[in-house]
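Student: Take a look at data_35.txt, compact mmCIF, C-alpha atoms:
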# COMPACT_ATOMS: atom_id res chain seq x y z
CA MET B 190 10.59 111.28 69.77
CA SER B 191 11.89 111.88 73.29
CA GLU B 192 14.83 113.89 71.97
CA ASP B 193 12.76 116.31 69.90
CA PHE B 194 12.24 119.79 71.21
CA ILE B 195 9.11 121.81 70.59
CA THR B 196 9.30 125.55 70.33
CA TYR B 197 6.52 128.07 70.84
CA LYS B 198 6.40 131.82 70.63
CA PRO B 199 4.21 133.90 72.98
CA ILE B 200 1.05 135.34 71.42
CA GLY B 201 0.70 137.92 74.15
CA VAL B 202 1.28 138.74 77.78
CA ILE B 203 -0.80 138.49 80.95
CA ARG B 204 -1.30 141.61 83.04
CA SER B 205 -2.39 141.30 86.67
CA GLU B 206 -1.84 142.84 90.08
CA HIS B 207 0.28 139.84 91.10
CA CYS B 208 4.02 140.42 91.19
CA VAL B 209 5.09 138.01 93.94
CA PRO B 210 4.66 134.27 93.31
CA GLU B 211 4.05 133.52 97.00
CA ASP B 212 1.18 136.03 97.13
CA THR B 213 -0.55 134.89 93.92
CA PRO B 214 -3.76 132.85 94.16
CA ILE B 215 -3.24 129.31 92.96
CA GLN B 216 -6.41 129.07 90.87
CA PRO B 217 -9.07 131.44 89.45
CA VAL B 218 -11.66 130.17 91.97
CA TYR B 219 -9.48 131.68 94.71
CA ALA B 220 -9.09 134.97 92.81
CA LYS B 221 -12.71 135.94 92.32
CA GLY B 222 -13.12 139.67 91.85
CA CYS B 223 -9.51 140.01 90.76
CA GLU B 224 -9.45 141.31 87.20
CA GLY B 225 -6.66 140.49 84.80
CA ARG B 226 -5.91 141.23 81.18
CA ALA B 227 -4.48 139.21 78.34
CA GLU B 228 -2.85 141.58 75.89
CA ILE B 229 -2.57 139.84 72.55
CA PHE B 230 0.21 141.01 70.27
CA SER B 231 -1.31 142.89 67.35
CA GLU B 232 -0.24 140.32 64.77
CA TYR B 233 -2.54 137.73 66.43
CA ALA B 234 -5.50 139.98 67.25
CA GLU B 235 -7.60 138.79 64.31
CA GLY B 236 -7.71 135.33 65.92
CA LEU B 237 -9.86 136.73 68.77
CA ARG B 238 -12.87 137.11 66.46
CA ASN B 239 -16.01 135.34 67.81
CA LEU B 240 -14.42 134.69 71.21
CA SER B 241 -16.49 137.24 73.14
CA GLY B 242 -19.54 134.97 72.99
CA PHE B 243 -18.01 132.50 75.46
CA SER B 244 -18.50 132.90 79.23
CA TYR B 245 -15.22 131.18 80.10
CA VAL B 246 -11.94 130.66 78.29
CA TYR B 247 -8.80 128.63 78.87
CA LEU B 248 -5.60 130.61 79.14
CA ILE B 249 -2.52 128.52 78.42
CA TYR B 250 0.71 130.20 79.44
CA HIS B 251 4.33 129.67 80.37
CA PHE B 252 5.27 129.72 84.07
CA ASP B 253 8.31 131.87 83.36
CA ARG B 254 9.22 132.22 87.05
CA ALA B 255 8.68 128.62 88.10
CA GLY B 256 11.50 127.10 90.05
CA GLU B 257 13.45 124.05 89.01
CA ALA B 258 11.25 121.24 87.69
CA LYS B 259 10.50 118.47 90.17
CA LEU B 260 8.69 115.15 89.87
CA ILE B 261 7.59 115.10 93.51
CA VAL B 262 6.16 118.30 94.99
CA LYS B 263 4.20 119.47 98.01
CA PRO B 264 1.08 121.20 96.65
CA PHE B 265 -0.14 124.43 98.18
CA LEU B 266 -3.37 122.88 99.41
CA GLN B 267 -1.88 119.91 101.26
CA ASN B 268 1.52 119.63 102.86
CA VAL B 269 2.07 116.06 101.66
CA GLU B 270 4.30 115.02 98.77
CA LYS B 271 2.56 114.17 95.48
CA GLY B 272 3.59 113.33 91.96
CA VAL B 273 3.78 116.63 90.07
CA PHE B 274 1.29 115.45 87.42
CA ALA B 275 -1.29 114.99 90.19
CA THR B 276 -0.93 118.70 91.02
CA ARG B 277 -1.11 122.07 89.27
CA ALA B 278 2.26 123.16 90.67
CA PRO B 279 4.25 125.43 88.35
CA ASN B 280 7.62 123.70 88.68
CA ARG B 281 6.78 120.86 86.28
CA PRO B 282 8.88 119.28 83.52
CA ASN B 283 7.22 121.56 80.97
CA ALA B 284 6.22 124.70 82.82
CA ILE B 285 2.82 125.06 81.15
CA GLY B 286 0.09 126.83 83.08
CA LEU B 287 -3.65 126.39 82.53
CA SER B 288 -6.39 128.57 83.97
CA VAL B 289 -10.13 128.58 83.32
CA VAL B 290 -11.11 132.23 83.66
CA GLU B 291 -14.36 134.12 83.26
CA LEU B 292 -14.29 136.33 80.20
CA LEU B 293 -15.56 139.81 80.99
CA ARG B 294 -15.07 141.56 77.65
CA ILE B 295 -12.71 141.99 74.74
CA GLU B 296 -11.62 145.44 73.59
CA GLY B 297 -9.45 145.43 70.49
CA ASN B 298 -6.55 143.10 71.23
CA VAL B 299 -7.13 143.05 75.01
CA LEU B 300 -9.13 140.37 76.78
CA TYR B 301 -10.40 141.27 80.27
CA PHE B 302 -11.08 138.42 82.64
CA ASP B 303 -12.05 137.69 86.21
CA GLY B 304 -10.11 135.27 88.38
CA ALA B 305 -6.56 136.42 87.77
CA ASP B 306 -4.26 133.78 89.30
CA ILE B 307 -1.34 134.54 87.01
CA LEU B 308 1.76 136.64 87.61
CA ASP B 309 2.03 139.98 85.82
CA GLY B 310 4.18 139.68 82.71
CA THR B 311 3.55 135.97 82.14
CA PRO B 312 3.93 134.95 78.46
CA LEU B 313 0.64 133.76 76.95
CA LEU B 314 0.79 130.78 74.59
CA ASP B 315 -2.79 130.06 73.62
CA ILE B 316 -6.44 130.85 74.27
CA LYS B 317 -9.20 128.31 73.79
CA PRO B 318 -12.94 128.60 74.30
CA TYR B 319 -14.27 126.67 77.31
CA THR B 320 -17.52 124.94 76.50
CA LEU B 321 -20.12 123.13 78.56
CA LYS B 322 -20.06 120.14 76.19
CA PHE B 323 -16.31 119.64 75.94
CA ASP B 324 -15.03 120.77 79.29
CA CYS B 325 -17.54 120.55 82.13
CA PHE B 326 -17.56 117.17 83.85
CA GLU B 327 -19.19 116.37 87.17
CA THR B 328 -16.26 114.35 88.41
CA ARG B 329 -16.83 111.68 91.01
CA HIS B 330 -13.26 111.50 92.24
CA ASN B 331 -10.84 114.37 92.66
CA GLY B 332 -7.98 112.42 94.17
CA TRP B 333 -6.19 113.93 97.13
CA GLN B 334 -8.12 117.17 96.66
CA ASP B 335 -11.22 115.47 98.03
CA GLU B 336 -9.35 115.35 101.36
CA VAL B 337 -9.00 119.15 101.52
CA ASP B 338 -12.04 120.89 103.03
CA GLU B 339 -13.44 124.08 101.49
CA GLU B 340 -12.36 126.37 104.29
CA THR B 341 -8.76 125.16 104.18
CA ALA B 342 -8.68 125.31 100.39
CA GLY B 343 -10.05 128.86 100.36
CA ARG B 344 -7.57 130.02 103.00
CA LEU B 345 -4.51 128.39 101.41
CA GLY B 346 -5.56 128.84 97.79
CA GLY B 347 -5.94 132.61 97.93
CA ARG B 348 -2.50 133.11 99.48
CA GLY B 349 -1.70 136.82 99.72
CA TYR B 350 -4.62 137.98 97.62
CA ARG B 351 -6.97 140.33 99.50
CA GLY B 352 -10.02 138.46 98.26
CA GLY B 353 -8.50 135.09 99.03
CA GLY B 354 -10.80 132.64 100.70
CA VAL B 355 -13.94 133.99 99.10
CA LEU B 356 -15.29 131.07 97.13
CA MET Y 62 8.79 139.60 75.23
CA SER Y 63 7.28 138.89 71.83
CA GLU Y 64 10.65 137.81 70.44
CA ASP Y 65 11.36 135.20 73.11
CA PHE Y 66 10.95 131.56 72.23
CA ILE Y 67 9.85 128.91 74.70
CA THR Y 68 11.11 125.37 74.34
CA TYR Y 69 9.50 122.21 75.72
CA LYS Y 70 10.47 118.58 75.56
CA PRO Y 71 7.88 115.80 75.30
CA ILE Y 72 7.29 113.82 78.51
CA GLY Y 73 5.73 110.94 76.61
CA VAL Y 74 3.70 109.91 73.60
CA ILE Y 75 -0.01 109.31 72.94
CA ARG Y 76 -1.09 105.96 71.53
CA SER Y 77 -4.47 105.62 69.85
CA GLU Y 78 -6.19 103.91 66.95
CA HIS Y 79 -6.28 107.21 65.04
CA CYS Y 80 -3.76 107.57 62.23
CA VAL Y 81 -5.61 109.87 59.82
CA PRO Y 82 -6.35 113.43 60.96
CA GLU Y 83 -9.58 113.63 58.93
CA ASP Y 84 -10.93 110.49 60.65
CA THR Y 85 -10.04 111.50 64.20
CA PRO Y 86 -12.81 112.66 66.56
CA ILE Y 87 -12.47 116.33 67.39
CA GLN Y 88 -13.10 116.00 71.12
CA PRO Y 89 -13.22 113.23 73.77
CA VAL Y 90 -17.03 113.56 74.02
CA TYR Y 91 -17.21 112.34 70.41
CA ALA Y 92 -14.82 109.47 71.09
CA LYS Y 93 -16.59 107.70 73.94
CA GLY Y 94 -15.59 104.05 74.16
CA CYS Y 95 -12.38 104.72 72.28
CA GLU Y 96 -9.47 103.86 74.56
CA GLY Y 97 -6.12 105.56 74.28
CA ARG Y 98 -2.84 105.41 76.16
CA ALA Y 99 -0.37 108.01 77.30
CA GLU Y 100 3.04 106.38 77.57
CA ILE Y 101 5.19 108.47 79.86
CA PHE Y 102 8.92 108.26 79.31
CA SER Y 103 10.49 106.38 82.20
CA GLU Y 104 12.42 109.38 83.49
CA TYR Y 105 9.11 111.16 84.27
CA ALA Y 106 7.12 108.18 85.59
CA GLU Y 107 7.57 109.15 89.24
CA GLY Y 108 5.50 112.28 88.57
CA LEU Y 109 2.39 110.11 88.02
CA ARG Y 110 2.18 109.27 91.71
CA ASN Y 111 -1.28 110.07 93.23
CA LEU Y 112 -2.84 110.73 89.82
CA SER Y 113 -4.94 107.57 89.72
CA GLY Y 114 -7.39 109.03 92.24
CA PHE Y 115 -8.75 111.52 89.71
CA SER Y 116 -11.69 110.63 87.42
CA TYR Y 117 -10.58 112.98 84.65
CA VAL Y 118 -7.27 114.47 83.60
CA TYR Y 119 -6.11 117.11 81.15
CA LEU Y 120 -3.75 115.95 78.46
CA ILE Y 121 -1.73 118.78 76.96
CA TYR Y 122 0.06 117.85 73.77
CA HIS Y 123 1.62 119.12 70.58
CA PHE Y 124 -0.41 118.92 67.35
CA ASP Y 125 2.60 117.65 65.42
CA ARG Y 126 0.62 117.15 62.20
CA ALA Y 127 -1.35 120.39 62.26
CA GLY Y 128 -1.28 122.33 59.04
CA GLU Y 129 0.00 125.85 58.69
CA ALA Y 130 -1.16 128.17 61.47
CA LYS Y 131 -4.09 130.41 60.60
CA LEU Y 132 -5.86 133.21 62.45
CA ILE Y 133 -9.21 132.61 60.75
CA VAL Y 134 -10.43 129.02 60.41
CA LYS Y 135 -13.60 127.12 59.62
CA PRO Y 136 -14.25 124.84 62.61
CA PHE Y 137 -15.37 121.25 62.08
CA LEU Y 138 -18.73 121.84 63.72
CA GLN Y 139 -19.79 124.87 61.68
CA ASN Y 140 -18.79 125.82 58.17
CA VAL Y 141 -18.42 129.49 58.98
CA GLU Y 142 -15.15 131.33 59.48
CA LYS Y 143 -14.13 132.08 63.07
CA GLY Y 144 -11.13 133.50 64.85
CA VAL Y 145 -8.86 130.57 65.67
CA PHE Y 146 -8.86 131.38 69.41
CA ALA Y 147 -12.66 130.90 69.40
CA THR Y 148 -12.11 127.32 68.18
CA ARG Y 149 -10.16 124.22 69.18
CA ALA Y 150 -8.70 123.83 65.66
CA PRO Y 151 -5.17 122.37 65.60
CA ASN Y 152 -3.63 124.82 63.13
CA ARG Y 153 -3.17 127.59 65.68
CA PRO Y 154 -0.19 129.92 66.23
CA ASN Y 155 1.12 127.60 68.95
CA ALA Y 156 -0.11 124.12 68.06
CA ILE Y 157 -1.03 123.13 71.61
CA GLY Y 158 -3.79 120.55 72.06
CA LEU Y 159 -5.94 120.14 75.17
CA SER Y 160 -8.25 117.21 75.91
CA VAL Y 161 -10.20 116.38 79.05
CA VAL Y 162 -10.20 112.59 79.14
CA GLU Y 163 -11.60 110.02 81.55
CA LEU Y 164 -8.82 108.22 83.37
CA LEU Y 165 -9.36 104.46 83.38
CA ARG Y 166 -6.23 103.25 85.14
CA ILE Y 167 -2.48 103.72 85.40
CA GLU Y 168 -0.10 100.78 85.04
CA GLY Y 169 3.52 101.64 85.61
CA ASN Y 170 4.34 104.49 83.27
CA VAL Y 171 1.24 104.03 81.09
CA LEU Y 172 -1.99 105.93 81.59
CA TYR Y 173 -5.12 104.39 80.01
CA PHE Y 174 -7.95 106.72 79.16
CA ASP Y 175 -11.33 106.82 77.49
CA GLY Y 176 -12.22 109.40 74.85
CA ALA Y 177 -9.18 109.22 72.59
CA ASP Y 178 -9.42 112.15 70.17
CA ILE Y 179 -5.68 112.36 69.57
CA LEU Y 180 -3.57 111.02 66.71
CA ASP Y 181 -1.30 108.05 67.41
CA GLY Y 182 2.26 109.20 68.02
CA THR Y 183 1.37 112.68 69.27
CA PRO Y 184 3.99 114.14 71.63
CA LEU Y 185 2.66 114.66 75.15
CA LEU Y 186 3.73 117.81 76.98
CA ASP Y 187 1.91 117.75 80.29
CA ILE Y 188 -0.74 116.02 82.39
CA LYS Y 189 -2.81 117.86 84.97
CA PRO Y 190 -5.56 116.64 87.27
CA TYR Y 191 -9.05 117.85 86.35
CA THR Y 192 -11.01 118.84 89.41
CA LEU Y 193 -14.61 119.74 90.05
CA LYS Y 194 -13.62 122.87 91.95
CA PHE Y 195 -11.10 124.30 89.50
CA ASP Y 196 -12.39 123.17 86.14
CA CYS Y 197 -16.11 122.48 86.03
CA PHE Y 198 -18.18 125.56 85.22
CA GLU Y 199 -21.82 125.61 84.18
CA THR Y 200 -21.28 128.11 81.43
CA ARG Y 201 -24.16 130.29 80.35
CA HIS Y 202 -22.76 131.19 76.94
CA ASN Y 203 -20.81 128.95 74.60
CA GLY Y 204 -20.48 131.38 71.72
CA TRP Y 205 -21.08 130.03 68.24
CA GLN Y 206 -21.22 126.50 69.62
CA ASP Y 207 -24.65 127.26 71.06
CA GLU Y 208 -25.85 127.48 67.44
CA VAL Y 209 -24.82 123.88 66.68
CA ASP Y 210 -27.49 121.32 67.61
CA GLU Y 211 -26.53 118.04 69.35
CA GLU Y 212 -27.28 115.82 66.39
CA THR Y 213 -25.13 117.86 64.02
CA ALA Y 214 -22.32 118.13 66.58
CA GLY Y 215 -22.35 114.36 67.19
CA ARG Y 216 -22.32 113.59 63.48
CA LEU Y 217 -19.58 116.06 62.56
CA GLY Y 218 -17.56 115.74 65.76
CA GLY Y 219 -16.99 111.99 65.53
CA ARG Y 220 -15.73 112.19 61.96
CA GLY Y 221 -14.48 108.78 60.81
CA TYR Y 222 -14.61 107.18 64.25
CA ARG Y 223 -16.94 104.16 64.38
CA GLY Y 224 -18.50 105.35 67.62
CA GLY Y 225 -18.92 108.88 66.30
CA GLY Y 226 -22.25 110.47 66.95
CA VAL Y 227 -22.81 108.61 70.21
CA LEU Y 228 -22.96 111.33 72.81
Step by step, read the file and then write its structure as structure tokens.
Tutor:
Amino acid sequence: MSEDFITYKPIGVIRSEHCVPEDTPIQPVYAKGCEGRAEIFSEYAEGLRNLSGFSYVYLIYHFDRAGEAKLIVKPFLQNVEKGVFATRAPNRPNAIGLSVVELLRIEGNVLYFDGADILDGTPLLDIKPYTLKFDCFETRHNGWQDEVDEETAGRLGGRGYRGGGVL
Amino acid sequence: MSEDFITYKPIGVIRSEHCVPEDTPIQPVYAKGCEGRAEIFSEYAEGLRNLSGFSYVYLIYHFDRAGEAKLIVKPFLQNVEKGVFATRAPNRPNAIGLSVVELLRIEGNVLYFDGADILDGTPLLDIKPYTLKFDCFETRHNGWQDEVDEETAGRLGGRGYRGGGVL
């Protein structure tokens, strides 16, 4: 199994105002008010049917400009080394990105969302509906993130984004 | 962009009691009490450091036994055709699976979790921490899923699993 490779093909592309990795918010909560678009290639557009009824969606994408994969990284929110699977850092063994974004509207094959924390031109792999029942859990423990206060998280998480820090 | 292929390599394998797709719960909430394991290949084990502090994690995996991809599907919870991106059906253009599972413990390179809704032998692509701040949203609208009552969802969602229906 470990020798098998799995191949995917982008279903679309993300459009955002973010062109510089270092200036891109690290999560949608630090990119509020920043609108992005997911342009689905026309051959997949039919699959968007019924999606507009959901308030939030998952975008699953490929970090195409992630650096070399590492197992130990320093996350943006805390300057202390962590295992990469305990972080959302892009330079992971499989450079898969996951963002929960607020769906604003869908027009034809274009999905407009709020909370753009994704670089312009990023290849989109999948879209899934986010639902209260399946995906919203009032977690008790959030690991090392519980050590990062809101003000610090807002300041570091927004990075270069003009709205950064507004939670 | 649309012609580029993206290649990933499994970082581990999922172990569960589920061997038959039709008898596998469709989401962790319908598989409560059902323990599963994610066995990380030894070369990636270091990346698990600091993960045990999180109550929930995302497992991202490859639906290796999904049928042919479709753009319109009938979801398990409602016998009405939907666009595939408005569902969590496995037979999607890129057969990527996403489950939010409760982390029980980590022993060496093995992660034990509750809510196993994944077939035994499924290739694991990524693990990410689930956090209250980034991932928990009290959604107002859950599309067509708002039309499915709890009793029906519990009954259909558990499928063949003995604990199915217990929400």
Student: Determine, counting all atoms listed in the file, which protein, DNA and RNA residues have an atom within 7 Å of an atom of region 215-227 of chain B; residues of the same chain fewer than 3 positions away are not included. Present the result as a PDB file with C-alpha atoms, in the frame of the given file.
Tutor:
ATOM      1  CA  GLY B 201       0.700 137.920  74.150  1.00  0.00           C
ATOM      2  CA  VAL B 202       1.280 138.740  77.780  1.00  0.00           C
ATOM      3  CA  ILE B 203      -0.800 138.490  80.950  1.00  0.00           C
ATOM      4  CA  ARG B 204      -1.300 141.610  83.040  1.00  0.00           C
ATOM      5  CA  SER B 205      -2.390 141.300  86.670  1.00  0.00           C
ATOM      6  CA  SER B 288      -6.390 128.570  83.970  1.00  0.00           C
ATOM      7  CA  VAL B 289     -10.130 128.580  83.320  1.00  0.00           C
ATOM      8  CA  VAL B 290     -11.110 132.230  83.660  1.00  0.00           C
ATOM      9  CA  VAL B 299      -7.130 143.050  75.010  1.00  0.00           C
ATOM     10  CA  LEU B 300      -9.130 140.370  76.780  1.00  0.00           C
ATOM     11  CA  TYR B 301     -10.400 141.270  80.270  1.00  0.00           C
ATOM     12  CA  PHE B 302     -11.080 138.420  82.640  1.00  0.00           C
ATOM     13  CA  ASP B 303     -12.050 137.690  86.210  1.00  0.00           C
ATOM     14  CA  GLY B 304     -10.110 135.270  88.380  1.00  0.00           C
ATOM     15  CA  ALA B 305      -6.560 136.420  87.770  1.00  0.00           C
ATOM     16  CA  ASP B 306      -4.260 133.780  89.300  1.00  0.00           C
ATOM     17  CA  GLY B 343     -10.050 128.860 100.360  1.00  0.00           C
ATOM     18  CA  GLY B 346      -5.560 128.840  97.790  1.00  0.00           C
ATOM     19  CA  GLY B 347      -5.940 132.610  97.930  1.00  0.00           C
ATOM     20  CA  GLY B 352     -10.020 138.460  98.260  1.00  0.00           C
ATOM     21  CA  GLY B 353      -8.500 135.090  99.030  1.00  0.00           C
ATOM     22  CA  GLY B 354     -10.800 132.640 100.700  1.00  0.00           C
ATOM     23  CA  VAL B 355     -13.940 133.990  99.100  1.00  0.00           C
ATOM     24  CA  LEU B 356     -15.290 131.070  97.130  1.00  0.00           C
TER      25      LEU B 356
ATOM     26  CA  PHE Y 195     -11.100 124.300  89.500  1.00  0.00           C
TER      27      PHE Y 195
END
Student: Write out, as JSON lines, each residue of chain Y that has an atom at most 6 Å from chain B, together with the closest pair of atoms and their distance in Å to one decimal, counting only C-alpha atoms, rows going by chain and rising number.
Tutor:
{"residue": "Y:Ser63", "atom": "CA", "partner": "B:Pro199", "partner_atom": "CA", "distance": 6.0}
{"residue": "Y:Phe66", "atom": "CA", "partner": "B:Lys198", "partner_atom": "CA", "distance": 4.8}
{"residue": "Y:Ile67", "atom": "CA", "partner": "B:Tyr197", "partner_atom": "CA", "distance": 5.2}
{"residue": "Y:Thr68", "atom": "CA", "partner": "B:Thr196", "partner_atom": "CA", "distance": 4.4}
{"residue": "Y:Tyr69", "atom": "CA", "partner": "B:Ile195", "partner_atom": "CA", "distance": 5.2}
{"residue": "Y:Lys70", "atom": "CA", "partner": "B:Phe194", "partner_atom": "CA", "distance": 4.8}
{"residue": "Y:Pro71", "atom": "CA", "partner": "B:Ser191", "partner_atom": "CA", "distance": 6.0}
{"residue": "Y:Gly108", "atom": "CA", "partner": "B:Gly272", "partner_atom": "CA", "distance": 4.0}
{"residue": "Y:Leu109", "atom": "CA", "partner": "B:Gly272", "partner_atom": "CA", "distance": 5.2}
{"residue": "Y:Arg110", "atom": "CA", "partner": "B:Gly272", "partner_atom": "CA", "distance": 4.3}
{"residue": "Y:Asn111", "atom": "CA", "partner": "B:Ala275", "partner_atom": "CA", "distance": 5.8}
{"residue": "Y:Leu112", "atom": "CA", "partner": "B:Ala275", "partner_atom": "CA", "distance": 4.5}
{"residue": "Y:Gly114", "atom": "CA", "partner": "B:Gly332", "partner_atom": "CA", "distance": 3.9}
{"residue": "Y:Phe115", "atom": "CA", "partner": "B:Asn331", "partner_atom": "CA", "distance": 4.6}
{"residue": "Y:Ser116", "atom": "CA", "partner": "B:His330", "partner_atom": "CA", "distance": 5.1}
{"residue": "Y:Leu132", "atom": "CA", "partner": "B:Gly236", "partner_atom": "CA", "distance": 4.5}
{"residue": "Y:Gly144", "atom": "CA", "partner": "B:Gly236", "partner_atom": "CA", "distance": 4.0}
{"residue": "Y:Val145", "atom": "CA", "partner": "B:Gly236", "partner_atom": "CA", "distance": 4.9}
{"residue": "Y:Phe146", "atom": "CA", "partner": "B:Lys317", "partner_atom": "CA", "distance": 5.4}
{"residue": "Y:Ala147", "atom": "CA", "partner": "B:Leu240", "partner_atom": "CA", "distance": 4.6}
{"residue": "Y:Asn155", "atom": "CA", "partner": "B:Tyr197", "partner_atom": "CA", "distance": 5.7}
{"residue": "Y:Ile188", "atom": "CA", "partner": "B:Phe274", "partner_atom": "CA", "distance": 5.5}
{"residue": "Y:Lys189", "atom": "CA", "partner": "B:Phe274", "partner_atom": "CA", "distance": 5.3}
{"residue": "Y:Pro190", "atom": "CA", "partner": "B:Ala275", "partner_atom": "CA", "distance": 5.4}
{"residue": "Y:Thr192", "atom": "CA", "partner": "B:Asn331", "partner_atom": "CA", "distance": 5.5}
{"residue": "Y:Leu193", "atom": "CA", "partner": "B:Thr328", "partner_atom": "CA", "distance": 5.9}
{"residue": "Y:Cys197", "atom": "CA", "partner": "B:Cys325", "partner_atom": "CA", "distance": 4.6}
{"residue": "Y:Phe198", "atom": "CA", "partner": "B:Cys325", "partner_atom": "CA", "distance": 5.9}
{"residue": "Y:Thr200", "atom": "CA", "partner": "B:Leu321", "partner_atom": "CA", "distance": 5.9}
{"residue": "Y:His202", "atom": "CA", "partner": "B:Ser244", "partner_atom": "CA", "distance": 5.1}
{"residue": "Y:Asn203", "atom": "CA", "partner": "B:Phe243", "partner_atom": "CA", "distance": 4.6}
{"residue": "Y:Gly204", "atom": "CA", "partner": "B:Gly242", "partner_atom": "CA", "distance": 3.9}
Student: Take the residues that were just selected and, keeping C-alpha atoms, output them as a PDB file, in the coordinates of the input.
Tutor:
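Saved to again-v3.pdb:
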ATOM      1  CA  SER Y  63       7.280 138.890  71.830  1.00  0.00           C
ATOM      2  CA  PHE Y  66      10.950 131.560  72.230  1.00  0.00           C
ATOM      3  CA  ILE Y  67       9.850 128.910  74.700  1.00  0.00           C
ATOM      4  CA  THR Y  68      11.110 125.370  74.340  1.00  0.00           C
ATOM      5  CA  TYR Y  69       9.500 122.210  75.720  1.00  0.00           C
ATOM      6  CA  LYS Y  70      10.470 118.580  75.560  1.00  0.00           C
ATOM      7  CA  PRO Y  71       7.880 115.800  75.300  1.00  0.00           C
ATOM      8  CA  GLY Y 108       5.500 112.280  88.570  1.00  0.00           C
ATOM      9  CA  LEU Y 109       2.390 110.110  88.020  1.00  0.00           C
ATOM     10  CA  ARG Y 110       2.180 109.270  91.710  1.00  0.00           C
ATOM     11  CA  ASN Y 111      -1.280 110.070  93.230  1.00  0.00           C
ATOM     12  CA  LEU Y 112      -2.840 110.730  89.820  1.00  0.00           C
ATOM     13  CA  GLY Y 114      -7.390 109.030  92.240  1.00  0.00           C
ATOM     14  CA  PHE Y 115      -8.750 111.520  89.710  1.00  0.00           C
ATOM     15  CA  SER Y 116     -11.690 110.630  87.420  1.00  0.00           C
ATOM     16  CA  LEU Y 132      -5.860 133.210  62.450  1.00  0.00           C
ATOM     17  CA  GLY Y 144     -11.130 133.500  64.850  1.00  0.00           C
ATOM     18  CA  VAL Y 145      -8.860 130.570  65.670  1.00  0.00           C
ATOM     19  CA  PHE Y 146      -8.860 131.380  69.410  1.00  0.00           C
ATOM     20  CA  ALA Y 147     -12.660 130.900  69.400  1.00  0.00           C
ATOM     21  CA  ASN Y 155       1.120 127.600  68.950  1.00  0.00           C
ATOM     22  CA  ILE Y 188      -0.740 116.020  82.390  1.00  0.00           C
ATOM     23  CA  LYS Y 189      -2.810 117.860  84.970  1.00  0.00           C
ATOM     24  CA  PRO Y 190      -5.560 116.640  87.270  1.00  0.00           C
ATOM     25  CA  THR Y 192     -11.010 118.840  89.410  1.00  0.00           C
ATOM     26  CA  LEU Y 193     -14.610 119.740  90.050  1.00  0.00           C
ATOM     27  CA  CYS Y 197     -16.110 122.480  86.030  1.00  0.00           C
ATOM     28  CA  PHE Y 198     -18.180 125.560  85.220  1.00  0.00           C
ATOM     29  CA  THR Y 200     -21.280 128.110  81.430  1.00  0.00           C
ATOM     30  CA  HIS Y 202     -22.760 131.190  76.940  1.00  0.00           C
ATOM     31  CA  ASN Y 203     -20.810 128.950  74.600  1.00  0.00           C
ATOM     32  CA  GLY Y 204     -20.480 131.380  71.720  1.00  0.00           C
TER      33      GLY Y 204
END
Student: Return as lines of an AutoDock Vina configuration file the box centre and box size in Å, one decimal, for an axis-aligned box around all listed atoms of region 204-218 of chain Y padded by 8 Å per side.
Tutor:
center_x = -22.5
center_y = 122.5
center_z = 67.1
size_x = 25.9
size_y = 33.8
size_z = 25.2
Student: From the set Y:Ala130, Y:Leu138, Y:Leu165, Y:Val81, which residue has the shortest atom-to-atom contact distance to Thr213 (chain Y), counting only C-alpha atoms?
Tutor: Y:Leu138
Student: Quick one: distance from CA of Arg254 (chain B) to CA of His207 (chain B) in Å, one decimal?
Tutor: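 CA of Arg254 (chain B) sits 12.4 Å away from CA of His207 (chain B).
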Student: Hey, can you check how far CA of Asn280 (chain B) sits from CA of Gln267 (chain B)?
Tutor: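 Calculated distance between CA of Asn280 (chain B) and CA of Gln267 (chain B) is 16.2 Å.
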